file structure-v8.tsv (TSV, N, CA and C atoms)
chain	number	residue	atom	x	y	z
Y	1	MET	N	292.53	60.19	-21.37
Y	1	MET	CA	292.91	60.42	-19.99
Y	1	MET	C	294.31	61.04	-19.97
Y	2	SER	N	294.45	62.17	-19.30
Y	2	SER	CA	295.75	62.81	-19.21
Y	2	SER	C	296.38	62.51	-17.85
Y	3	THR	N	297.69	62.44	-17.85
Y	3	THR	CA	298.40	62.19	-16.59
Y	3	THR	C	298.85	63.52	-16.01
Y	4	PRO	N	298.77	63.67	-14.69
Y	4	PRO	CA	299.21	64.93	-14.10
Y	4	PRO	C	300.72	65.10	-14.26
Y	5	GLU	N	301.12	66.34	-14.45
Y	5	GLU	CA	302.54	66.63	-14.60
Y	5	GLU	C	303.25	66.42	-13.27
Y	6	THR	N	304.38	65.76	-13.30
Y	6	THR	CA	305.16	65.52	-12.10
Y	6	THR	C	306.01	66.75	-11.80
Y	7	SER	N	306.03	67.14	-10.54
Y	7	SER	CA	306.84	68.29	-10.15
Y	7	SER	C	308.31	67.97	-10.34
Y	8	ARG	N	309.06	68.95	-10.76
Y	8	ARG	CA	310.49	68.76	-10.93
Y	8	ARG	C	311.25	69.07	-9.65
Y	9	PHE	N	310.53	69.45	-8.61
Y	9	PHE	CA	311.17	69.78	-7.33
Y	9	PHE	C	311.11	68.58	-6.39
Y	10	VAL	N	312.21	68.33	-5.71
Y	10	VAL	CA	312.32	67.19	-4.80
Y	10	VAL	C	312.88	67.70	-3.48
Y	11	ARG	N	312.28	67.29	-2.38
Y	11	ARG	CA	312.82	67.61	-1.06
Y	11	ARG	C	313.63	66.41	-0.60
Y	12	LEU	N	314.90	66.63	-0.35
Y	12	LEU	CA	315.80	65.59	0.14
Y	12	LEU	C	316.04	65.86	1.63
Y	13	ARG	N	315.66	64.91	2.46
Y	13	ARG	CA	315.85	65.07	3.90
Y	13	ARG	C	317.01	64.21	4.35
Y	14	VAL	N	317.92	64.82	5.07
Y	14	VAL	CA	319.09	64.11	5.59
Y	14	VAL	C	319.16	64.40	7.08
Y	15	ASP	N	319.27	63.36	7.87
Y	15	ASP	CA	319.38	63.51	9.31
Y	15	ASP	C	320.65	62.79	9.74
Y	16	LEU	N	321.62	63.52	10.23
Y	16	LEU	CA	322.90	62.95	10.62
Y	16	LEU	C	323.07	63.07	12.13
Y	17	VAL	N	323.67	62.06	12.73
Y	17	VAL	CA	324.09	62.15	14.12
Y	17	VAL	C	325.60	62.00	14.10
Y	18	LEU	N	326.30	63.00	14.59
Y	18	LEU	CA	327.75	63.01	14.55
Y	18	LEU	C	328.29	63.01	15.98
Y	19	ALA	N	329.38	62.31	16.18
Y	19	ALA	CA	330.08	62.35	17.46
Y	19	ALA	C	331.23	63.33	17.33
Y	20	ILE	N	331.25	64.33	18.17
Y	20	ILE	CA	332.34	65.31	18.15
Y	20	ILE	C	333.39	64.87	19.14
Y	21	ASP	N	334.53	64.46	18.61
Y	21	ASP	CA	335.62	63.97	19.45
Y	21	ASP	C	336.60	65.07	19.83
Y	22	ASP	N	336.58	66.18	19.10
Y	22	ASP	CA	337.53	67.27	19.36
Y	22	ASP	C	336.81	68.59	19.15
Y	23	GLU	N	336.20	69.11	20.22
Y	23	GLU	CA	335.44	70.35	20.13
Y	23	GLU	C	336.31	71.51	19.69
Y	24	GLU	N	337.55	71.54	20.16
Y	24	GLU	CA	338.45	72.64	19.79
Y	24	GLU	C	338.74	72.64	18.30
Y	25	ALA	N	338.88	71.47	17.70
Y	25	ALA	CA	339.14	71.39	16.27
Y	25	ALA	C	337.93	71.90	15.48
Y	26	VAL	N	336.73	71.54	15.90
Y	26	VAL	CA	335.52	72.00	15.21
Y	26	VAL	C	335.39	73.51	15.35
Y	27	THR	N	335.55	74.01	16.58
Y	27	THR	CA	335.44	75.45	16.81
Y	27	THR	C	336.51	76.21	16.04
Y	28	GLY	N	337.74	75.69	16.04
Y	28	GLY	CA	338.82	76.34	15.31
Y	28	GLY	C	338.55	76.39	13.81
Y	29	ALA	N	338.03	75.30	13.27
Y	29	ALA	CA	337.71	75.27	11.84
Y	29	ALA	C	336.59	76.27	11.52
Y	30	ALA	N	335.60	76.37	12.40
Y	30	ALA	CA	334.51	77.33	12.18
Y	30	ALA	C	335.02	78.76	12.24
Y	31	LEU	N	335.88	79.05	13.21
Y	31	LEU	CA	336.45	80.39	13.30
Y	31	LEU	C	337.29	80.73	12.07
Y	32	GLN	N	338.02	79.75	11.56
Y	32	GLN	CA	338.81	79.98	10.34
Y	32	GLN	C	337.91	80.23	9.14
Y	33	ALA	N	336.83	79.46	9.05
Y	33	ALA	CA	335.89	79.65	7.94
Y	33	ALA	C	335.27	81.04	7.99
Y	34	LEU	N	334.95	81.51	9.18
Y	34	LEU	CA	334.40	82.86	9.32
Y	34	LEU	C	335.45	83.91	8.94
Y	35	ALA	N	336.68	83.71	9.36
Y	35	ALA	CA	337.76	84.65	9.04
Y	35	ALA	C	338.01	84.70	7.54
Y	36	ASP	N	337.81	83.59	6.85
Y	36	ASP	CA	338.07	83.51	5.41
Y	36	ASP	C	336.89	83.99	4.56
Y	37	ASP	N	335.76	84.31	5.19
Y	37	ASP	CA	334.56	84.71	4.44
Y	37	ASP	C	334.57	86.22	4.21
Y	38	PRO	N	334.87	86.65	2.98
Y	38	PRO	CA	334.96	88.08	2.70
Y	38	PRO	C	333.58	88.76	2.69
Y	39	GLY	N	332.52	87.99	2.63
Y	39	GLY	CA	331.18	88.58	2.55
Y	39	GLY	C	330.58	88.96	3.90
Y	40	LEU	N	331.26	88.65	5.00
Y	40	LEU	CA	330.72	88.96	6.32
Y	40	LEU	C	331.12	90.37	6.75
Y	41	ALA	N	330.14	91.12	7.21
Y	41	ALA	CA	330.41	92.43	7.79
Y	41	ALA	C	331.06	92.20	9.17
Y	42	ASP	N	331.80	93.19	9.63
Y	42	ASP	CA	332.52	93.04	10.90
Y	42	ASP	C	331.59	92.69	12.06
Y	43	ALA	N	330.45	93.36	12.16
Y	43	ALA	CA	329.52	93.10	13.26
Y	43	ALA	C	328.96	91.68	13.17
Y	44	GLU	N	328.61	91.26	11.95
Y	44	GLU	CA	328.08	89.91	11.74
Y	44	GLU	C	329.15	88.86	12.06
Y	45	ARG	N	330.38	89.12	11.67
Y	45	ARG	CA	331.49	88.21	11.94
Y	45	ARG	C	331.72	88.08	13.45
Y	46	ALA	N	331.70	89.20	14.16
Y	46	ALA	CA	331.91	89.18	15.61
Y	46	ALA	C	330.82	88.37	16.30
Y	47	HIS	N	329.57	88.57	15.88
Y	47	HIS	CA	328.46	87.81	16.46
Y	47	HIS	C	328.62	86.31	16.17
Y	48	ALA	N	328.95	85.99	14.93
Y	48	ALA	CA	329.11	84.58	14.55
Y	48	ALA	C	330.27	83.94	15.30
Y	49	GLU	N	331.34	84.67	15.49
Y	49	GLU	CA	332.49	84.13	16.23
Y	49	GLU	C	332.12	83.83	17.68
Y	50	ARG	N	331.36	84.74	18.31
Y	50	ARG	CA	330.89	84.48	19.68
Y	50	ARG	C	330.01	83.23	19.72
Y	51	THR	N	329.12	83.12	18.76
Y	51	THR	CA	328.18	82.01	18.71
Y	51	THR	C	328.90	80.67	18.57
Y	52	VAL	N	329.83	80.57	17.62
Y	52	VAL	CA	330.51	79.29	17.40
Y	52	VAL	C	331.47	78.96	18.53
Y	53	THR	N	331.97	79.98	19.22
Y	53	THR	CA	332.86	79.73	20.36
Y	53	THR	C	332.08	79.19	21.56
Y	54	GLU	N	330.84	79.63	21.72
Y	54	GLU	CA	330.01	79.23	22.85
Y	54	GLU	C	329.30	77.89	22.63
Y	55	ASP	N	329.10	77.48	21.39
Y	55	ASP	CA	328.27	76.31	21.11
Y	55	ASP	C	328.88	75.50	19.96
Y	56	THR	N	329.37	74.32	20.28
Y	56	THR	CA	330.00	73.46	19.27
Y	56	THR	C	329.01	73.06	18.18
Y	57	ALA	N	327.74	72.89	18.54
Y	57	ALA	CA	326.74	72.55	17.53
Y	57	ALA	C	326.60	73.68	16.51
Y	58	GLU	N	326.67	74.91	16.97
Y	58	GLU	CA	326.63	76.04	16.05
Y	58	GLU	C	327.89	76.10	15.20
Y	59	ALA	N	329.02	75.76	15.79
Y	59	ALA	CA	330.27	75.73	15.02
Y	59	ALA	C	330.15	74.71	13.89
Y	60	LEU	N	329.58	73.56	14.19
Y	60	LEU	CA	329.39	72.53	13.16
Y	60	LEU	C	328.44	73.02	12.07
Y	61	ALA	N	327.36	73.66	12.46
Y	61	ALA	CA	326.40	74.18	11.47
Y	61	ALA	C	327.07	75.22	10.57
Y	62	CYS	N	328.02	75.95	11.12
Y	62	CYS	CA	328.76	76.95	10.34
Y	62	CYS	C	329.61	76.28	9.27
Y	63	LEU	N	330.05	75.06	9.53
Y	63	LEU	CA	330.95	74.36	8.61
Y	63	LEU	C	330.23	73.51	7.56
Y	64	VAL	N	328.98	73.20	7.80
Y	64	VAL	CA	328.23	72.33	6.89
Y	64	VAL	C	327.57	73.18	5.81
Y	65	ASP	N	327.75	72.78	4.58
Y	65	ASP	CA	327.15	73.48	3.45
Y	65	ASP	C	326.36	72.47	2.63
Y	66	PRO	N	325.03	72.58	2.60
Y	66	PRO	CA	324.23	71.62	1.84
Y	66	PRO	C	324.63	71.53	0.37
Y	67	PHE	N	325.14	72.61	-0.20
Y	67	PHE	CA	325.57	72.56	-1.59
Y	67	PHE	C	326.67	71.53	-1.78
Y	68	ASP	N	327.53	71.36	-0.76
Y	68	ASP	CA	328.59	70.36	-0.85
Y	68	ASP	C	328.03	68.95	-1.01
Y	69	LEU	N	326.82	68.71	-0.49
Y	69	LEU	CA	326.21	67.39	-0.60
Y	69	LEU	C	325.71	67.09	-2.01
Y	70	VAL	N	325.26	68.12	-2.71
Y	70	VAL	CA	324.62	67.89	-4.01
Y	70	VAL	C	325.27	68.65	-5.16
Y	71	GLY	N	326.27	69.44	-4.87
Y	71	GLY	CA	326.88	70.29	-5.90
Y	71	GLY	C	327.43	69.55	-7.10
Y	72	ALA	N	327.92	68.34	-6.89
Y	72	ALA	CA	328.51	67.57	-8.00
Y	72	ALA	C	327.51	66.64	-8.69
Y	73	VAL	N	326.26	66.66	-8.25
Y	73	VAL	CA	325.24	65.79	-8.86
Y	73	VAL	C	324.80	66.43	-10.17
Y	74	PRO	N	324.95	65.70	-11.29
Y	74	PRO	CA	324.57	66.29	-12.58
Y	74	PRO	C	323.05	66.41	-12.72
Y	75	GLY	N	322.63	67.45	-13.40
Y	75	GLY	CA	321.23	67.61	-13.75
Y	75	GLY	C	320.37	68.24	-12.67
Y	76	ILE	N	320.97	68.79	-11.62
Y	76	ILE	CA	320.17	69.43	-10.58
Y	76	ILE	C	320.70	70.82	-10.28
Y	77	GLU	N	319.85	71.64	-9.69
Y	77	GLU	CA	320.24	72.96	-9.22
Y	77	GLU	C	319.59	73.14	-7.85
Y	78	LEU	N	320.41	73.39	-6.82
Y	78	LEU	CA	319.91	73.59	-5.47
Y	78	LEU	C	319.06	74.86	-5.45
Y	79	GLN	N	317.81	74.74	-5.06
Y	79	GLN	CA	316.89	75.88	-5.05
Y	79	GLN	C	316.80	76.55	-3.69
Y	80	GLN	N	316.86	75.75	-2.64
Y	80	GLN	CA	316.71	76.28	-1.29
Y	80	GLN	C	317.30	75.27	-0.33
Y	81	ALA	N	317.87	75.74	0.75
Y	81	ALA	CA	318.41	74.84	1.76
Y	81	ALA	C	318.29	75.48	3.13
Y	82	SER	N	318.03	74.66	4.10
Y	82	SER	CA	318.05	75.11	5.49
Y	82	SER	C	318.58	73.95	6.31
Y	83	TRP	N	319.27	74.28	7.37
Y	83	TRP	CA	319.81	73.24	8.22
Y	83	TRP	C	320.06	73.84	9.59
Y	84	SER	N	320.14	72.98	10.55
Y	84	SER	CA	320.44	73.41	11.92
Y	84	SER	C	321.15	72.26	12.61
Y	85	SER	N	321.70	72.56	13.75
Y	85	SER	CA	322.32	71.49	14.53
Y	85	SER	C	322.00	71.74	15.99
Y	86	GLU	N	322.00	70.69	16.76
Y	86	GLU	CA	321.71	70.78	18.17
Y	86	GLU	C	322.40	69.64	18.88
Y	87	GLN	N	322.76	69.86	20.12
Y	87	GLN	CA	323.32	68.77	20.90
Y	87	GLN	C	322.17	67.89	21.36
Y	88	ILE	N	322.38	66.57	21.30
Y	88	ILE	CA	321.34	65.63	21.68
Y	88	ILE	C	321.93	64.56	22.59
Y	89	ASP	N	321.04	63.89	23.30
Y	89	ASP	CA	321.42	62.67	24.02
Y	89	ASP	C	321.25	61.54	23.01
Y	90	TYR	N	322.25	60.72	22.86
Y	90	TYR	CA	322.22	59.68	21.84
Y	90	TYR	C	322.62	58.35	22.43
Y	91	ASP	N	321.75	57.38	22.30
Y	91	ASP	CA	322.04	56.02	22.72
Y	91	ASP	C	321.50	55.11	21.62
Y	92	PRO	N	322.39	54.62	20.73
Y	92	PRO	CA	321.91	53.82	19.61
Y	92	PRO	C	321.24	52.52	20.04
Y	93	ASP	N	321.47	52.09	21.28
Y	93	ASP	CA	320.85	50.86	21.77
Y	93	ASP	C	319.49	51.10	22.41
Y	94	SER	N	319.10	52.35	22.56
Y	94	SER	CA	317.83	52.68	23.19
Y	94	SER	C	316.68	52.34	22.24
Y	95	PRO	N	315.59	51.80	22.78
Y	95	PRO	CA	314.43	51.53	21.92
Y	95	PRO	C	313.80	52.83	21.40
Y	96	ASP	N	314.12	53.97	22.04
Y	96	ASP	CA	313.59	55.25	21.58
Y	96	ASP	C	314.30	55.74	20.33
Y	97	TRP	N	315.50	55.23	20.06
Y	97	TRP	CA	316.25	55.65	18.88
Y	97	TRP	C	315.83	54.79	17.71
Y	98	ASP	N	315.25	55.40	16.72
Y	98	ASP	CA	314.82	54.69	15.52
Y	98	ASP	C	315.29	55.46	14.31
Y	99	PRO	N	316.38	55.02	13.67
Y	99	PRO	CA	316.90	55.77	12.53
Y	99	PRO	C	315.93	55.87	11.37
Y	100	ASP	N	314.91	55.01	11.33
Y	100	ASP	CA	313.94	55.04	10.24
Y	100	ASP	C	312.65	55.75	10.64
Y	101	GLU	N	312.68	56.44	11.77
Y	101	GLU	CA	311.50	57.07	12.32
Y	101	GLU	C	310.79	57.98	11.33
Y	102	ASP	N	311.52	58.80	10.59
Y	102	ASP	CA	310.92	59.75	9.66
Y	102	ASP	C	310.73	59.19	8.25
Y	103	ASP	N	311.06	57.92	8.05
Y	103	ASP	CA	310.94	57.33	6.73
Y	103	ASP	C	309.51	56.97	6.37
Y	104	GLY	N	308.64	56.96	7.36
Y	104	GLY	CA	307.24	56.64	7.10
Y	104	GLY	C	307.03	55.15	6.92
Y	105	GLY	N	305.81	54.78	7.04
Y	105	GLY	CA	305.45	53.37	6.85
Y	105	GLY	C	304.92	53.13	5.47
Y	106	GLN	N	304.37	51.95	5.28
Y	106	GLN	CA	303.85	51.61	3.97
Y	106	GLN	C	302.68	52.49	3.58
Y	107	ASP	N	301.93	52.99	4.57
Y	107	ASP	CA	300.77	53.81	4.29
Y	107	ASP	C	301.05	55.30	4.45
Y	108	ASP	N	302.30	55.68	4.54
Y	108	ASP	CA	302.67	57.09	4.73
Y	108	ASP	C	302.37	57.85	3.45
Y	109	PRO	N	301.53	58.88	3.52
Y	109	PRO	CA	301.20	59.63	2.29
Y	109	PRO	C	302.40	60.35	1.70
Y	110	GLU	N	303.42	60.65	2.50
Y	110	GLU	CA	304.61	61.30	1.94
Y	110	GLU	C	305.40	60.39	1.03
Y	111	ASP	N	305.21	59.08	1.17
Y	111	ASP	CA	305.94	58.13	0.33
Y	111	ASP	C	305.43	58.10	-1.10
Y	112	GLY	N	304.20	58.59	-1.29
Y	112	GLY	CA	303.67	58.64	-2.65
Y	112	GLY	C	303.06	57.34	-3.10
Y	113	GLU	N	303.12	56.29	-2.30
Y	113	GLU	CA	302.50	55.02	-2.66
Y	113	GLU	C	301.77	54.48	-1.45
Y	114	GLN	N	300.74	53.77	-1.69
Y	114	GLN	CA	299.99	53.10	-0.64
Y	114	GLN	C	300.45	51.65	-0.56
Y	115	ALA	N	300.20	51.02	0.56
Y	115	ALA	CA	300.56	49.61	0.73
Y	115	ALA	C	299.88	48.80	-0.38
Y	116	GLY	N	300.63	47.89	-0.94
Y	116	GLY	CA	300.10	47.05	-1.99
Y	116	GLY	C	300.09	47.73	-3.33
Y	117	GLY	N	300.55	49.00	-3.40
Y	117	GLY	CA	300.47	49.78	-4.64
Y	117	GLY	C	301.71	49.64	-5.36
call {"tool": "encode", "arguments": {"input": "structure-v8.tsv", "output": "structure tokens"}}
result
Amino acid sequence: MSTPETSRFVRLRVDLVLAIDDEEAVTGAALQALADDPGLADAERAHAERTVTEDTAEALACLVDPFDLVGAVPGIELQQASWSSEQIDYDPDSPDWDPDEDDGGQDDPEDGEQAGG
């Protein structure tokens, strides 16, 4: 009996809820990051600057780099990353807020194990 080969690829899902206490600081940091990016064409930079100035969630997304989360982890190489941000209504005391909502249950096929397994 042979065992199936395990994939070496892993999807890491991270869901963060952040409170922005100083929108100007976030926007300013995003604008500085754009100004410091030599790889941006002028038209692309102008569009990005408008976007981060109009939407703090976009400014935050401009500042977050998934590589920063895993770059120092030995033995891995980031293959692909995508992320987004959006403003949300957040009430941690609400029964609708469940931080474990996407973690799946005991019978969740994404967990790779069945209940009792």
call {"tool": "atom_distance", "arguments": {"input": "structure-v8.tsv", "atom1": "atom N of Asp22 in chain Y", "atom2": "atom N of Glu58 in chain Y"}}
result
13.4 Å
call {"tool": "atom_distance", "arguments": {"input": "structure-v8.tsv", "atom1": "CA of Glu54 in chain Y", "atom2": "atom N of Asp21 in chain Y"}}
result
16.0 Å
call {"tool": "atom_distance", "arguments": {"input": "structure-v8.tsv", "atom1": "atom N of Asp98 in chain Y", "atom2": "atom C of Leu12 in chain Y"}}
result
18.4 Å
call {"tool": "closest_residue", "arguments": {"input": "structure-v8.tsv", "among": "Y:Asp15, Y:Leu34, Y:Val64, Y:Ser84", "to": "Ala48 in chain Y", "atoms": "all atoms listed in the file"}}
result
Y:Leu34
call {"tool": "closest_residue", "arguments": {"input": "structure-v8.tsv", "among": "Y:Ser82, Y:Asp96, Y:Phe9, Y:Glu49", "to": "Ala29 in chain Y", "atoms": "only C-alpha atoms"}}
result
Y:Glu49
call {"tool": "select_by_dssp", "arguments": {"input": "structure-v8.tsv", "residues": "range 2-107 of chain Y", "states": "alpha helix (DSSP H)", "output": "PDB file with N, CA and C atoms, keeping the file's coordinate frame"}}
result
ATOM      1  N   GLU Y  23     336.200  69.110  20.220  1.00  0.00           N
ATOM      2  CA  GLU Y  23     335.440  70.350  20.130  1.00  0.00           C
ATOM      3  C   GLU Y  23     336.310  71.510  19.690  1.00  0.00           C
ATOM      4  N   GLU Y  24     337.550  71.540  20.160  1.00  0.00           N
ATOM      5  CA  GLU Y  24     338.450  72.640  19.790  1.00  0.00           C
ATOM      6  C   GLU Y  24     338.740  72.640  18.300  1.00  0.00           C
ATOM      7  N   ALA Y  25     338.880  71.470  17.700  1.00  0.00           N
ATOM      8  CA  ALA Y  25     339.140  71.390  16.270  1.00  0.00           C
ATOM      9  C   ALA Y  25     337.930  71.900  15.480  1.00  0.00           C
ATOM     10  N   VAL Y  26     336.730  71.540  15.900  1.00  0.00           N
ATOM     11  CA  VAL Y  26     335.520  72.000  15.210  1.00  0.00           C
ATOM     12  C   VAL Y  26     335.390  73.510  15.350  1.00  0.00           C
ATOM     13  N   THR Y  27     335.550  74.010  16.580  1.00  0.00           N
ATOM     14  CA  THR Y  27     335.440  75.450  16.810  1.00  0.00           C
ATOM     15  C   THR Y  27     336.510  76.210  16.040  1.00  0.00           C
ATOM     16  N   GLY Y  28     337.740  75.690  16.040  1.00  0.00           N
ATOM     17  CA  GLY Y  28     338.820  76.340  15.310  1.00  0.00           C
ATOM     18  C   GLY Y  28     338.550  76.390  13.810  1.00  0.00           C
ATOM     19  N   ALA Y  29     338.030  75.300  13.270  1.00  0.00           N
ATOM     20  CA  ALA Y  29     337.710  75.270  11.840  1.00  0.00           C
ATOM     21  C   ALA Y  29     336.590  76.270  11.520  1.00  0.00           C
ATOM     22  N   ALA Y  30     335.600  76.370  12.400  1.00  0.00           N
ATOM     23  CA  ALA Y  30     334.510  77.330  12.180  1.00  0.00           C
ATOM     24  C   ALA Y  30     335.020  78.760  12.240  1.00  0.00           C
ATOM     25  N   LEU Y  31     335.880  79.050  13.210  1.00  0.00           N
ATOM     26  CA  LEU Y  31     336.450  80.390  13.300  1.00  0.00           C
ATOM     27  C   LEU Y  31     337.290  80.730  12.070  1.00  0.00           C
ATOM     28  N   GLN Y  32     338.020  79.750  11.560  1.00  0.00           N
ATOM     29  CA  GLN Y  32     338.810  79.980  10.340  1.00  0.00           C
ATOM     30  C   GLN Y  32     337.910  80.230   9.140  1.00  0.00           C
ATOM     31  N   ALA Y  33     336.830  79.460   9.050  1.00  0.00           N
ATOM     32  CA  ALA Y  33     335.890  79.650   7.940  1.00  0.00           C
ATOM     33  C   ALA Y  33     335.270  81.040   7.990  1.00  0.00           C
ATOM     34  N   LEU Y  34     334.950  81.510   9.180  1.00  0.00           N
ATOM     35  CA  LEU Y  34     334.400  82.860   9.320  1.00  0.00           C
ATOM     36  C   LEU Y  34     335.450  83.910   8.940  1.00  0.00           C
ATOM     37  N   ALA Y  35     336.680  83.710   9.360  1.00  0.00           N
ATOM     38  CA  ALA Y  35     337.760  84.650   9.040  1.00  0.00           C
ATOM     39  C   ALA Y  35     338.010  84.700   7.540  1.00  0.00           C
ATOM     40  N   ASP Y  42     331.800  93.190   9.630  1.00  0.00           N
ATOM     41  CA  ASP Y  42     332.520  93.040  10.900  1.00  0.00           C
ATOM     42  C   ASP Y  42     331.590  92.690  12.060  1.00  0.00           C
ATOM     43  N   ALA Y  43     330.450  93.360  12.160  1.00  0.00           N
ATOM     44  CA  ALA Y  43     329.520  93.100  13.260  1.00  0.00           C
ATOM     45  C   ALA Y  43     328.960  91.680  13.170  1.00  0.00           C
ATOM     46  N   GLU Y  44     328.610  91.260  11.950  1.00  0.00           N
ATOM     47  CA  GLU Y  44     328.080  89.910  11.740  1.00  0.00           C
ATOM     48  C   GLU Y  44     329.150  88.860  12.060  1.00  0.00           C
ATOM     49  N   ARG Y  45     330.380  89.120  11.670  1.00  0.00           N
ATOM     50  CA  ARG Y  45     331.490  88.210  11.940  1.00  0.00           C
ATOM     51  C   ARG Y  45     331.720  88.080  13.450  1.00  0.00           C
ATOM     52  N   ALA Y  46     331.700  89.200  14.160  1.00  0.00           N
ATOM     53  CA  ALA Y  46     331.910  89.180  15.610  1.00  0.00           C
ATOM     54  C   ALA Y  46     330.820  88.370  16.300  1.00  0.00           C
ATOM     55  N   HIS Y  47     329.570  88.570  15.880  1.00  0.00           N
ATOM     56  CA  HIS Y  47     328.460  87.810  16.460  1.00  0.00           C
ATOM     57  C   HIS Y  47     328.620  86.310  16.170  1.00  0.00           C
ATOM     58  N   ALA Y  48     328.950  85.990  14.930  1.00  0.00           N
ATOM     59  CA  ALA Y  48     329.110  84.580  14.550  1.00  0.00           C
ATOM     60  C   ALA Y  48     330.270  83.940  15.300  1.00  0.00           C
ATOM     61  N   GLU Y  49     331.340  84.670  15.490  1.00  0.00           N
ATOM     62  CA  GLU Y  49     332.490  84.130  16.230  1.00  0.00           C
ATOM     63  C   GLU Y  49     332.120  83.830  17.680  1.00  0.00           C
ATOM     64  N   ARG Y  50     331.360  84.740  18.310  1.00  0.00           N
ATOM     65  CA  ARG Y  50     330.890  84.480  19.680  1.00  0.00           C
ATOM     66  C   ARG Y  50     330.010  83.230  19.720  1.00  0.00           C
ATOM     67  N   THR Y  51     329.120  83.120  18.760  1.00  0.00           N
ATOM     68  CA  THR Y  51     328.180  82.010  18.710  1.00  0.00           C
ATOM     69  C   THR Y  51     328.900  80.670  18.570  1.00  0.00           C
ATOM     70  N   VAL Y  52     329.830  80.570  17.620  1.00  0.00           N
ATOM     71  CA  VAL Y  52     330.510  79.290  17.400  1.00  0.00           C
ATOM     72  C   VAL Y  52     331.470  78.960  18.530  1.00  0.00           C
ATOM     73  N   THR Y  53     331.970  79.980  19.220  1.00  0.00           N
ATOM     74  CA  THR Y  53     332.860  79.730  20.360  1.00  0.00           C
ATOM     75  C   THR Y  53     332.080  79.190  21.560  1.00  0.00           C
ATOM     76  N   GLU Y  54     330.840  79.630  21.720  1.00  0.00           N
ATOM     77  CA  GLU Y  54     330.010  79.230  22.850  1.00  0.00           C
ATOM     78  C   GLU Y  54     329.300  77.890  22.630  1.00  0.00           C
ATOM     79  N   THR Y  56     329.370  74.320  20.280  1.00  0.00           N
ATOM     80  CA  THR Y  56     330.000  73.460  19.270  1.00  0.00           C
ATOM     81  C   THR Y  56     329.010  73.060  18.180  1.00  0.00           C
ATOM     82  N   ALA Y  57     327.740  72.890  18.540  1.00  0.00           N
ATOM     83  CA  ALA Y  57     326.740  72.550  17.530  1.00  0.00           C
ATOM     84  C   ALA Y  57     326.600  73.680  16.510  1.00  0.00           C
ATOM     85  N   GLU Y  58     326.670  74.910  16.970  1.00  0.00           N
ATOM     86  CA  GLU Y  58     326.630  76.040  16.050  1.00  0.00           C
ATOM     87  C   GLU Y  58     327.890  76.100  15.200  1.00  0.00           C
ATOM     88  N   ALA Y  59     329.020  75.760  15.790  1.00  0.00           N
ATOM     89  CA  ALA Y  59     330.270  75.730  15.020  1.00  0.00           C
ATOM     90  C   ALA Y  59     330.150  74.710  13.890  1.00  0.00           C
ATOM     91  N   LEU Y  60     329.580  73.560  14.190  1.00  0.00           N
ATOM     92  CA  LEU Y  60     329.390  72.530  13.160  1.00  0.00           C
ATOM     93  C   LEU Y  60     328.440  73.020  12.070  1.00  0.00           C
ATOM     94  N   ALA Y  61     327.360  73.660  12.460  1.00  0.00           N
ATOM     95  CA  ALA Y  61     326.400  74.180  11.470  1.00  0.00           C
ATOM     96  C   ALA Y  61     327.070  75.220  10.570  1.00  0.00           C
ATOM     97  N   CYS Y  62     328.020  75.950  11.120  1.00  0.00           N
ATOM     98  CA  CYS Y  62     328.760  76.950  10.340  1.00  0.00           C
ATOM     99  C   CYS Y  62     329.610  76.280   9.270  1.00  0.00           C
ATOM    100  N   LEU Y  63     330.050  75.060   9.530  1.00  0.00           N
ATOM    101  CA  LEU Y  63     330.950  74.360   8.610  1.00  0.00           C
ATOM    102  C   LEU Y  63     330.230  73.510   7.560  1.00  0.00           C
ATOM    103  N   PRO Y  66     325.030  72.580   2.600  1.00  0.00           N
ATOM    104  CA  PRO Y  66     324.230  71.620   1.840  1.00  0.00           C
ATOM    105  C   PRO Y  66     324.630  71.530   0.370  1.00  0.00           C
ATOM    106  N   PHE Y  67     325.140  72.610  -0.200  1.00  0.00           N
ATOM    107  CA  PHE Y  67     325.570  72.560  -1.590  1.00  0.00           C
ATOM    108  C   PHE Y  67     326.670  71.530  -1.780  1.00  0.00           C
ATOM    109  N   ASP Y  68     327.530  71.360  -0.760  1.00  0.00           N
ATOM    110  CA  ASP Y  68     328.590  70.360  -0.850  1.00  0.00           C
ATOM    111  C   ASP Y  68     328.030  68.950  -1.010  1.00  0.00           C
ATOM    112  N   LEU Y  69     326.820  68.710  -0.490  1.00  0.00           N
ATOM    113  CA  LEU Y  69     326.210  67.390  -0.600  1.00  0.00           C
ATOM    114  C   LEU Y  69     325.710  67.090  -2.010  1.00  0.00           C
ATOM    115  N   VAL Y  70     325.260  68.120  -2.710  1.00  0.00           N
ATOM    116  CA  VAL Y  70     324.620  67.890  -4.010  1.00  0.00           C
ATOM    117  C   VAL Y  70     325.270  68.650  -5.160  1.00  0.00           C
TER     118      VAL Y  70
END
call {"tool": "closest_residue", "arguments": {"input": "structure-v8.tsv", "among": "Y:Trp83, Y:Ser7, Y:Ala59, Y:Ala19", "to": "Leu31 in chain Y", "atoms": "all atoms listed in the file"}}
result
Y:Ala59
call {"tool": "axis_aligned_box", "arguments": {"input": "structure-v8.tsv", "around": "range 89-100 of chain Y", "padding_each_side": "5 Å", "output": "JSON"}}
result
{"center_x": 317.6, "center_y": 57.4, "center_z": 17.1, "size_x": 20.0, "size_y": 23.0, "size_z": 23.8}
call {"tool": "residues_near_point", "arguments": {"input": "structure-v8.tsv", "point": "(332.8, 63.5, 21.5)", "cutoff": "12 Å", "atoms": "only C-alpha atoms", "output": "list in words"}}
result
Val17, Leu18, Ala19, Ile20, Asp21, Asp22, Glu23, Glu24, Ala25, Val26, Thr56, Ala57, Gln87, Ile88, Asp89 and Tyr90 of chain Y
call {"tool": "residues_around", "arguments": {"input": "structure-v8.tsv", "residues": "Gln79 in chain Y", "least_positions_apart": "4", "cutoff": "12 Å", "atoms": "only C-alpha atoms", "output": "PyMOL selection string"}}
result
chain Y and resi 8-12+66-67+70-71
